[in-house]
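Below is one structure; the comments refer to it alone.
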Amino acid sequence: QVQLVESGGGLVQAGDSLRLSCAASGRSFVVNLMGWFRQVPGKERAFVAGINWNDDSTAYSDSVKGRFTISRDNAKSSVYLQMNSLRSEDTAVYYCASDAGVYSRGVRTTPGAYDYWGQGTQVTVSS
């Protein structure tokens, strides 16, 4: 079992930056893939960015490419999402997710590939 705890959400203005953090913990847990998804009311959860801890590959949705950066800190079992040049359409609840050590290479972009989820953190961008 893996517990994921997000932090760093908040209210910012368009053009500002924000950094989300996600810390993973658990007894003898194994994680290869971690990702960030976001969801707005009435819509499905959407992939934002992901990173594979084994081969260090990353992937981004087209809507955030060039503005957001995902990174990791092995020692802290954490993953981060640096969000720059925020737009009103980035407003959503952001969720951290991980697999159960299944995917040794590459990044998966579908929610079904992830086994564990955080509680979510709200990001609101005012225009």
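Identifiers in this document derive from the order of the structure tokens: chains are assigned A, B, ..., residues are numbered from 1 separately in each chain, and ligands are numbered from 1 in order of occurrence.
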Would you mind listing what lies within 8 Å of Trp36 of chain A as a JSON list (two decimals) with all heavy atoms, in the first residue's frame, with only C-alpha atoms counted and same-chain residues fewer than 4 positions away left out?
[["chain", "number", "residue", "atom", "x", "y", "z"],
["A", 47, "PHE", "N", -4.85, 13.63, -17.65],
["A", 47, "PHE", "CA", -3.40, 13.53, -17.44],
["A", 47, "PHE", "C", -2.75, 14.90, -17.63],
["A", 47, "PHE", "O", -3.08, 15.63, -18.56],
["A", 47, "PHE", "CB", -2.82, 12.53, -18.44],
["A", 47, "PHE", "CG", -1.33, 12.43, -18.42],
["A", 47, "PHE", "CD1", -0.69, 11.70, -17.44],
["A", 47, "PHE", "CD2", -0.56, 13.08, -19.38],
["A", 47, "PHE", "CE1", 0.70, 11.60, -17.43],
["A", 47, "PHE", "CE2", 0.82, 12.98, -19.38],
["A", 47, "PHE", "CZ", 1.45, 12.24, -18.40],
["A", 48, "VAL", "N", -1.81, 15.20, -16.74],
["A", 48, "VAL", "CA", -1.05, 16.45, -16.84],
["A", 48, "VAL", "C", 0.42, 16.16, -17.14],
["A", 48, "VAL", "O", 0.98, 16.67, -18.11],
["A", 48, "VAL", "CB", -1.17, 17.26, -15.54],
["A", 48, "VAL", "CG1", -0.29, 18.51, -15.62],
["A", 48, "VAL", "CG2", -2.61, 17.64, -15.27],
["A", 49, "ALA", "N", 1.03, 15.34, -16.29],
["A", 49, "ALA", "CA", 2.45, 15.03, -16.47],
["A", 49, "ALA", "C", 2.78, 13.75, -15.73],
["A", 49, "ALA", "O", 2.09, 13.40, -14.76],
["A", 49, "ALA", "CB", 3.32, 16.17, -15.95],
["A", 50, "GLY", "N", 3.82, 13.06, -16.17],
["A", 50, "GLY", "CA", 4.22, 11.83, -15.51],
["A", 50, "GLY", "C", 5.71, 11.61, -15.63],
["A", 50, "GLY", "O", 6.37, 12.16, -16.52],
["A", 81, "LEU", "N", 5.61, 19.16, -9.25],
["A", 81, "LEU", "CA", 5.11, 19.73, -10.48],
["A", 81, "LEU", "C", 5.29, 21.24, -10.41],
["A", 81, "LEU", "O", 4.58, 21.91, -9.66],
["A", 81, "LEU", "CB", 3.64, 19.38, -10.70],
["A", 81, "LEU", "CG", 3.06, 19.81, -12.05],
["A", 81, "LEU", "CD1", 3.71, 19.02, -13.19],
["A", 81, "LEU", "CD2", 1.54, 19.63, -12.07],
["A", 94, "TYR", "N", -5.84, 19.04, -8.47],
["A", 94, "TYR", "CA", -4.70, 18.28, -8.98],
["A", 94, "TYR", "C", -4.45, 17.07, -8.08],
["A", 94, "TYR", "O", -4.38, 17.20, -6.85],
["A", 94, "TYR", "CB", -3.47, 19.17, -9.04],
["A", 94, "TYR", "CG", -3.49, 20.12, -10.20],
["A", 94, "TYR", "CD1", -4.36, 21.21, -10.22],
["A", 94, "TYR", "CD2", -2.66, 19.93, -11.31],
["A", 94, "TYR", "CE1", -4.40, 22.07, -11.30],
["A", 94, "TYR", "CE2", -2.69, 20.79, -12.39],
["A", 94, "TYR", "CZ", -3.57, 21.85, -12.38],
["A", 94, "TYR", "OH", -3.61, 22.70, -13.46],
["A", 95, "TYR", "N", -4.32, 15.92, -8.73],
["A", 95, "TYR", "CA", -4.11, 14.67, -8.01],
["A", 95, "TYR", "C", -2.75, 14.07, -8.38],
["A", 95, "TYR", "O", -2.38, 14.02, -9.55],
["A", 95, "TYR", "CB", -5.19, 13.66, -8.37],
["A", 95, "TYR", "CG", -6.58, 14.04, -7.94],
["A", 95, "TYR", "CD1", -7.41, 14.77, -8.78],
["A", 95, "TYR", "CD2", -7.06, 13.69, -6.68],
["A", 95, "TYR", "CE1", -8.70, 15.13, -8.39],
["A", 95, "TYR", "CE2", -8.34, 14.03, -6.28],
["A", 95, "TYR", "CZ", -9.15, 14.75, -7.14],
["A", 95, "TYR", "OH", -10.41, 15.10, -6.74],
["A", 96, "CYS", "N", -2.09, 13.57, -7.37],
["A", 96, "CYS", "CA", -0.87, 12.80, -7.57],
["A", 96, "CYS", "C", -1.25, 11.32, -7.62],
["A", 96, "CYS", "O", -2.17, 10.89, -6.90],
["A", 96, "CYS", "CB", 0.08, 13.06, -6.39],
["A", 96, "CYS", "SG", 1.58, 12.08, -6.41],
["A", 97, "ALA", "N", -0.57, 10.56, -8.46],
["A", 97, "ALA", "CA", -0.90, 9.15, -8.60],
["A", 97, "ALA", "C", 0.38, 8.34, -8.82],
["A", 97, "ALA", "O", 1.37, 8.87, -9.32],
["A", 97, "ALA", "CB", -1.85, 8.93, -9.77]]
Could you give me, as JSON lines, a per-residue list for segment 35-120 of chain A showing, wherever an atom lies at most 8 Å from an atom of segment 13-23 of chain A, the closest pair of atoms and their distance in Å to one decimal, using only C-alpha atoms and sorting by chain then residue number from low to high?
{"residue": "A:Lys76", "atom": "CA", "partner": "A:Ala23", "partner_atom": "CA", "distance": 7.3}
{"residue": "A:Ser77", "atom": "CA", "partner": "A:Ala23", "partner_atom": "CA", "distance": 6.0}
{"residue": "A:Ser78", "atom": "CA", "partner": "A:Ala23", "partner_atom": "CA", "distance": 4.4}
{"residue": "A:Val79", "atom": "CA", "partner": "A:Cys22", "partner_atom": "CA", "distance": 5.3}
{"residue": "A:Tyr80", "atom": "CA", "partner": "A:Ser21", "partner_atom": "CA", "distance": 4.5}
{"residue": "A:Leu81", "atom": "CA", "partner": "A:Leu20", "partner_atom": "CA", "distance": 5.0}
{"residue": "A:Gln82", "atom": "CA", "partner": "A:Arg19", "partner_atom": "CA", "distance": 4.5}
{"residue": "A:Met83", "atom": "CA", "partner": "A:Leu18", "partner_atom": "CA", "distance": 5.2}
{"residue": "A:Asn84", "atom": "CA", "partner": "A:Ser17", "partner_atom": "CA", "distance": 4.3}
{"residue": "A:Ser85", "atom": "CA", "partner": "A:Gly15", "partner_atom": "CA", "distance": 4.2}
{"residue": "A:Leu86", "atom": "CA", "partner": "A:Gly15", "partner_atom": "CA", "distance": 4.9}
{"residue": "A:Arg87", "atom": "CA", "partner": "A:Ala14", "partner_atom": "CA", "distance": 5.0}
{"residue": "A:Ser88", "atom": "CA", "partner": "A:Ala14", "partner_atom": "CA", "distance": 6.3}
{"residue": "A:Cys96", "atom": "CA", "partner": "A:Cys22", "partner_atom": "CA", "distance": 6.3}
Next, write the just-selected residues to a file, as a compact mmCIF listing (two decimals), in the first residue's frame, keeping all heavy atoms as the atom set.
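Written out: out_5.txt:
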# COMPACT_ATOMS: atom_id res chain seq x y z
N LYS A 76 13.66 11.65 -1.00
CA LYS A 76 12.46 12.04 -0.29
C LYS A 76 11.22 11.30 -0.78
O LYS A 76 10.12 11.57 -0.31
CB LYS A 76 12.24 13.55 -0.42
CG LYS A 76 13.34 14.39 0.21
CD LYS A 76 13.04 15.88 0.07
CE LYS A 76 14.14 16.71 0.72
NZ LYS A 76 13.88 18.16 0.61
N SER A 77 11.41 10.39 -1.74
CA SER A 77 10.28 9.67 -2.32
C SER A 77 9.18 10.63 -2.74
O SER A 77 7.99 10.42 -2.45
CB SER A 77 9.72 8.64 -1.32
OG SER A 77 10.69 7.69 -0.99
N SER A 78 9.60 11.69 -3.39
CA SER A 78 8.66 12.76 -3.73
C SER A 78 8.73 13.10 -5.20
O SER A 78 9.76 12.93 -5.85
CB SER A 78 8.95 14.01 -2.91
OG SER A 78 8.71 13.78 -1.53
N VAL A 79 7.63 13.61 -5.69
CA VAL A 79 7.58 14.13 -7.05
C VAL A 79 6.98 15.53 -6.99
O VAL A 79 6.17 15.83 -6.11
CB VAL A 79 6.74 13.20 -7.95
CG1 VAL A 79 5.29 13.16 -7.52
CG2 VAL A 79 6.85 13.60 -9.41
N TYR A 80 7.43 16.37 -7.90
CA TYR A 80 7.03 17.78 -7.89
C TYR A 80 6.48 18.17 -9.26
O TYR A 80 6.85 17.60 -10.28
CB TYR A 80 8.23 18.66 -7.55
CG TYR A 80 8.93 18.24 -6.28
CD1 TYR A 80 10.06 17.44 -6.33
CD2 TYR A 80 8.44 18.62 -5.03
CE1 TYR A 80 10.70 17.03 -5.18
CE2 TYR A 80 9.08 18.22 -3.87
CZ TYR A 80 10.20 17.42 -3.95
OH TYR A 80 10.82 17.01 -2.79
N LEU A 81 5.61 19.16 -9.25
CA LEU A 81 5.11 19.73 -10.48
C LEU A 81 5.29 21.24 -10.41
O LEU A 81 4.58 21.91 -9.66
CB LEU A 81 3.64 19.38 -10.70
CG LEU A 81 3.06 19.81 -12.05
CD1 LEU A 81 3.71 19.02 -13.19
CD2 LEU A 81 1.54 19.63 -12.07
N GLN A 82 6.26 21.73 -11.16
CA GLN A 82 6.48 23.16 -11.24
C GLN A 82 5.59 23.71 -12.34
O GLN A 82 5.70 23.30 -13.50
CB GLN A 82 7.95 23.47 -11.54
CG GLN A 82 8.26 24.94 -11.70
CD GLN A 82 8.08 25.72 -10.43
OE1 GLN A 82 8.45 25.28 -9.35
NE2 GLN A 82 7.49 26.91 -10.53
N MET A 83 4.71 24.63 -11.98
CA MET A 83 3.74 25.17 -12.93
C MET A 83 4.03 26.65 -13.13
O MET A 83 3.92 27.45 -12.18
CB MET A 83 2.32 24.97 -12.41
CG MET A 83 2.01 23.51 -12.07
SD MET A 83 0.29 23.25 -11.60
CE MET A 83 0.24 24.16 -10.06
N ASN A 84 4.42 27.01 -14.33
CA ASN A 84 4.71 28.40 -14.67
C ASN A 84 3.68 28.92 -15.66
O ASN A 84 2.98 28.16 -16.31
CB ASN A 84 6.11 28.50 -15.27
CG ASN A 84 7.20 28.08 -14.31
OD1 ASN A 84 7.07 28.22 -13.09
ND2 ASN A 84 8.29 27.55 -14.85
N SER A 85 3.63 30.23 -15.76
CA SER A 85 2.72 30.89 -16.72
C SER A 85 1.30 30.32 -16.61
O SER A 85 0.68 29.95 -17.61
CB SER A 85 3.24 30.71 -18.15
OG SER A 85 4.55 31.23 -18.28
N LEU A 86 0.82 30.29 -15.40
CA LEU A 86 -0.49 29.68 -15.16
C LEU A 86 -1.60 30.47 -15.84
O LEU A 86 -1.54 31.71 -15.95
CB LEU A 86 -0.75 29.57 -13.67
CG LEU A 86 -0.01 28.40 -12.99
CD1 LEU A 86 0.07 28.61 -11.49
CD2 LEU A 86 -0.69 27.09 -13.32
N ARG A 87 -2.60 29.72 -16.29
CA ARG A 87 -3.75 30.29 -16.98
C ARG A 87 -5.02 29.93 -16.22
O ARG A 87 -5.03 28.97 -15.44
CB ARG A 87 -3.83 29.74 -18.40
CG ARG A 87 -2.56 29.90 -19.22
CD ARG A 87 -2.62 29.07 -20.47
NE ARG A 87 -1.41 29.20 -21.29
CZ ARG A 87 -1.10 28.40 -22.31
NH1 ARG A 87 -1.94 27.43 -22.65
NH2 ARG A 87 0.00 28.60 -22.99
N SER A 88 -6.08 30.65 -16.50
CA SER A 88 -7.35 30.36 -15.81
C SER A 88 -7.81 28.93 -16.10
O SER A 88 -8.41 28.28 -15.24
CB SER A 88 -8.41 31.37 -16.23
OG SER A 88 -8.59 31.35 -17.64
N CYS A 96 -2.09 13.57 -7.37
CA CYS A 96 -0.87 12.80 -7.57
C CYS A 96 -1.25 11.32 -7.62
O CYS A 96 -2.17 10.89 -6.90
CB CYS A 96 0.08 13.06 -6.39
SG CYS A 96 1.58 12.08 -6.41
Shell of 9 Å around segment 120-122 of chain A, only C-alpha atoms, local chain residues under 2 positions omitted, as a PyMOL selection string: chain A and resi 5-11+20+38+91-96+117-118+124
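Separating atom CA of Glu89 of chain A from atom CA of Ile70 of chain A is a distance of 18.9 Å.
Those residues that approach Ser25 of chain A to within 8 Å, counting only C-alpha atoms, are A:Val2, A:Gln3, A:Leu4, A:Phe29, A:Ser77; same-chain residues fewer than 3 positions away are not listed.
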Given the selection you just returned, output its residues as a file containing N, CA, C and O atoms, formatted as a tab-separated table (two decimals), in the first residue's frame.
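New file out-v1.tsv:
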chain	number	residue	atom	x	y	z
A	2	VAL	N	0.50	2.21	-0.82
A	2	VAL	CA	1.25	3.46	-0.93
A	2	VAL	C	0.32	4.61	-0.55
A	2	VAL	O	-0.81	4.67	-1.01
A	3	GLN	N	0.81	5.47	0.29
A	3	GLN	CA	0.07	6.69	0.62
A	3	GLN	C	0.73	7.87	-0.10
A	3	GLN	O	1.95	8.01	-0.08
A	4	LEU	N	-0.10	8.67	-0.71
A	4	LEU	CA	0.37	9.85	-1.44
A	4	LEU	C	-0.26	11.09	-0.82
A	4	LEU	O	-1.48	11.15	-0.67
A	29	PHE	N	7.20	-0.09	0.04
A	29	PHE	CA	6.48	0.14	-1.21
A	29	PHE	C	7.43	0.21	-2.39
A	29	PHE	O	8.61	0.55	-2.26
A	77	SER	N	11.41	10.39	-1.74
A	77	SER	CA	10.28	9.67	-2.32
A	77	SER	C	9.18	10.63	-2.74
A	77	SER	O	7.99	10.42	-2.45
Helix (DSSP H, G or I) positions in chain A, given as a ChimeraX atom specification: /A:74-76,88-90,111-113
Based on the selection just made, write N, CA, C and O atoms of those residues as a PDB file, in the first residue's frame.
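Produced file result.pdb, reproduced below:
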ATOM      1  N   ASN A  74      14.477  11.214  -5.250  1.00  0.00           N
ATOM      2  CA  ASN A  74      14.455   9.819  -4.776  1.00  0.00           C
ATOM      3  C   ASN A  74      14.592   9.730  -3.272  1.00  0.00           C
ATOM      4  O   ASN A  74      13.923   8.937  -2.609  1.00  0.00           O
ATOM      5  N   ALA A  75      15.483  10.539  -2.716  1.00  0.00           N
ATOM      6  CA  ALA A  75      15.753  10.468  -1.280  1.00  0.00           C
ATOM      7  C   ALA A  75      14.515  10.792  -0.458  1.00  0.00           C
ATOM      8  O   ALA A  75      14.335  10.258   0.641  1.00  0.00           O
ATOM      9  N   LYS A  76      13.662  11.649  -1.000  1.00  0.00           N
ATOM     10  CA  LYS A  76      12.457  12.041  -0.286  1.00  0.00           C
ATOM     11  C   LYS A  76      11.225  11.303  -0.777  1.00  0.00           C
ATOM     12  O   LYS A  76      10.116  11.573  -0.314  1.00  0.00           O
ATOM     13  N   SER A  88      -6.083  30.648 -16.498  1.00  0.00           N
ATOM     14  CA  SER A  88      -7.347  30.357 -15.812  1.00  0.00           C
ATOM     15  C   SER A  88      -7.812  28.933 -16.098  1.00  0.00           C
ATOM     16  O   SER A  88      -8.411  28.282 -15.241  1.00  0.00           O
ATOM     17  N   GLU A  89      -7.498  28.431 -17.284  1.00  0.00           N
ATOM     18  CA  GLU A  89      -7.923  27.069 -17.636  1.00  0.00           C
ATOM     19  C   GLU A  89      -7.126  25.991 -16.914  1.00  0.00           C
ATOM     20  O   GLU A  89      -7.441  24.808 -17.027  1.00  0.00           O
ATOM     21  N   ASP A  90      -6.106  26.379 -16.163  1.00  0.00           N
ATOM     22  CA  ASP A  90      -5.373  25.420 -15.338  1.00  0.00           C
ATOM     23  C   ASP A  90      -6.072  25.188 -14.002  1.00  0.00           C
ATOM     24  O   ASP A  90      -5.643  24.325 -13.223  1.00  0.00           O
ATOM     25  N   PRO A 111      -5.691   7.169 -16.450  1.00  0.00           N
ATOM     26  CA  PRO A 111      -5.870   6.972 -15.003  1.00  0.00           C
ATOM     27  C   PRO A 111      -5.857   5.501 -14.596  1.00  0.00           C
ATOM     28  O   PRO A 111      -5.405   5.172 -13.498  1.00  0.00           O
ATOM     29  N   GLY A 112      -6.304   4.624 -15.469  1.00  0.00           N
ATOM     30  CA  GLY A 112      -6.375   3.213 -15.130  1.00  0.00           C
ATOM     31  C   GLY A 112      -5.033   2.549 -14.910  1.00  0.00           C
ATOM     32  O   GLY A 112      -4.956   1.473 -14.312  1.00  0.00           O
ATOM     33  N   ALA A 113      -3.960   3.205 -15.373  1.00  0.00           N
ATOM     34  CA  ALA A 113      -2.624   2.633 -15.196  1.00  0.00           C
ATOM     35  C   ALA A 113      -2.071   2.882 -13.797  1.00  0.00           C
ATOM     36  O   ALA A 113      -1.050   2.318 -13.429  1.00  0.00           O
TER      37      ALA A 113
END
Best match for closeness to Ser57 of chain A among A:Gly26, A:Asp115, A:Val102, A:Arg108, counting only C-alpha atoms: A:Arg108
Secondary structure check, strand (DSSP E) residues of segment 37-81 of chain A, as an MDAnalysis selection string: chainID A and resid 37:39 46:52 58:60 68:73 78:81
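With atom CA of Asp55 of chain A on one side and atom CA of Met34 of chain A on the other, the separation reads 12.3 Å.
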